[in-house]
Amino acid sequence: MSILIMILLLSLLILVHEAGHFFAARAFGIKVEKFGFGLPVGPTLFRTKFGDTEVLVHAFLLGGYVSFPDDEKDCDLPEDSPERFVNKPIWQRAVVVSAGVVANVICALFLVMFVALWSKQLPSGNYEIYTGSISAPQHASIWSSGLQVGDRILNVNGTDINNLYSFVTIVKNSAKGNGIISQETVDKNYTLLKGLNPALEKEEIIPAELSIRLPEQPAADVISMDKYAAKGAKYFKKEGFKLDDNLKSLKKDIENKTVYISDGKHTLYDVAKAISDGVHPINLTVLRGGETIQLQSIYPDESGLIGIGLTAKQKMVKTDNALKIVSGSTKYLWDNTYMMMYSLGQLFTGNVPLKDMHGVVAITKIGGDMIDERGKSAGILLAALISMNLAILNILPIPALDGGHLIFLLLEKIAGKPLEDKVVEKISSVFFTLLIILMVFIIFNDITLLIRK
């Protein structure tokens with residue numbers, strides 16, 4: 001039932017988008033030949049007449065369209081008919097083209113406001129993270145850090161913590177000896193080594209059997225995240241380089257020592273690299289009894305574990321009056337849309353790989369799970385965000401999408417005449433084919449994801 005509800009919600013979003021085009025066209029006296037639910041690929045499951053518009057339901061349900069007389073070769077309307085789309089002023093055509101996007105935005109806001117009115121609260125997207133338990137070995141550094149069960153975690157290594165993902169990611173990437181070190185830390189440790197061994201040069205091979213003094217507390221990388229990575233809007237990438245096998249061997253030779261006897265194969269700078277791949281401190285700021293406390297550093301083990309259990313409580317925004325419903329809904333939609341647009345930018349820059357693009361199959365599964373776990377309001381809010389996502393994607397300046405049609409209209413305005421039909425048709429055809437290929441690829445990603453659970 002939850003999956004069925006999600007399918008109905010997604011279908012509603014497509015209908016809303018196409019209805020935007022339909023009603024805008026009719027408002028300007030443009031005839032709509034066809035209103036299609038699904039894409040005209042494969043068999044047509046159902047057709048009927050609504051006024052002078054033919055309504056069709058196609059087997060390939062992932063999409064929709066409205067068709068004007070200009071799109072139909074067998075249309076009997078005169079070429080100069082005012083009911084033809086092409087004979088309308090550019091501004092009216094631009095309104096009709098944009099109407100689907102506007103309809104999706106309005107629908108998204110309506111859905112969020114409906115949830116705000118219904119449940120009298122909206123999720124803020126921010127969570128309070130608490131220490132639920134401490135189960136580390138007795139020798140672990142967490143016992144001397146001052147952390148207590150019930151502490152609310154505010155900040156880790158300079159990153160504000162408002163979800164489990166950011167905390168866990170920072171801790172896991174702070175695993176002891178994870179082999180990734182930054183140039184800045186290496187340079188700091190070289191300065192320490194140079195101070196202890198002033199007679200040696202940076203790239204000079206240290207003579208065999210020579211004793212090298214090592215710093216008791218080498219500098220270490222402190223892992224943090226920017227706000228976009230902390231929200232999951234882009235991948236977190238630990239900057240730096242990995243030790244090669246030669247330096248890994250050197251690291252083993254000097255680990256837990258204050259003096260290293262040279263084997264005659266390495267430079268002082270090699271030693272600086274080797275001692276840099278060690279511990280990565282976790283510096284916690286917690287809230288306890290209304291007081292903000294900076295704890296002593298905690299050091300994860302080789303598996304990136306510190307030995308605590310966490311609990312999360314989402315902050316809710318109260319929407320118990322008209323003003324709060326409007327302001328809370330607008331902010332909810334704005335914040336999430338901003339993050340969606342940022343994530344989309346990360347996709348175009350290659351920071352998010354294509355293999356992680358997912359579509360309607362995955363959304364239906366995830367939405368169904370959300371409805372099961374969190375109730376119908378969670379599914380409706382997800383549908384609102386998908387509606388905004390449809391609006392954003394459709395307004396992109398890509399031929400075969402609404403944004404592409406707006407570009408053609410802009411070029412017509414600049415040139416003073418429309419582009420040749422054959423040119424527009426060929427460009428749109430190519431990009432439509434590419435979109436279908438992308439859609440098939442995304443569906444493959446979705447199915448693979450479901451198989452792998």
# chains A, B, ... in the order shown; residues from 1 in each chain; ligands from 1
>>> residues_around(residues="A:Lys324", least_positions_apart="4", cutoff="10 Å", atoms="only C-alpha atoms", output="ChimeraX atom specification")
/A:113,116-117,120-121,317-320,328-330
>>> residues_around(residues="stretch 186-192 of chain A", least_positions_apart="5", cutoff="6 Å", atoms="only C-alpha atoms", output="JSON, numbers by chain")
{"A": [219, 272, 273, 276]}
>>> closest_residue(among="A:Thr292, A:Asn87, A:Thr311, A:Asn197", to="A:Val271", atoms="only C-alpha atoms")
A:Asn197
>>> closest_residue(among="A:Ala312, A:Val66, A:Leu164, A:Ile442", to="A:Gly359", atoms="only C-alpha atoms")
A:Ile442
>>> atom_distance(atom1="atom CA of A:Phe110", atom2="atom CA of A:Leu385")
11.4 Å
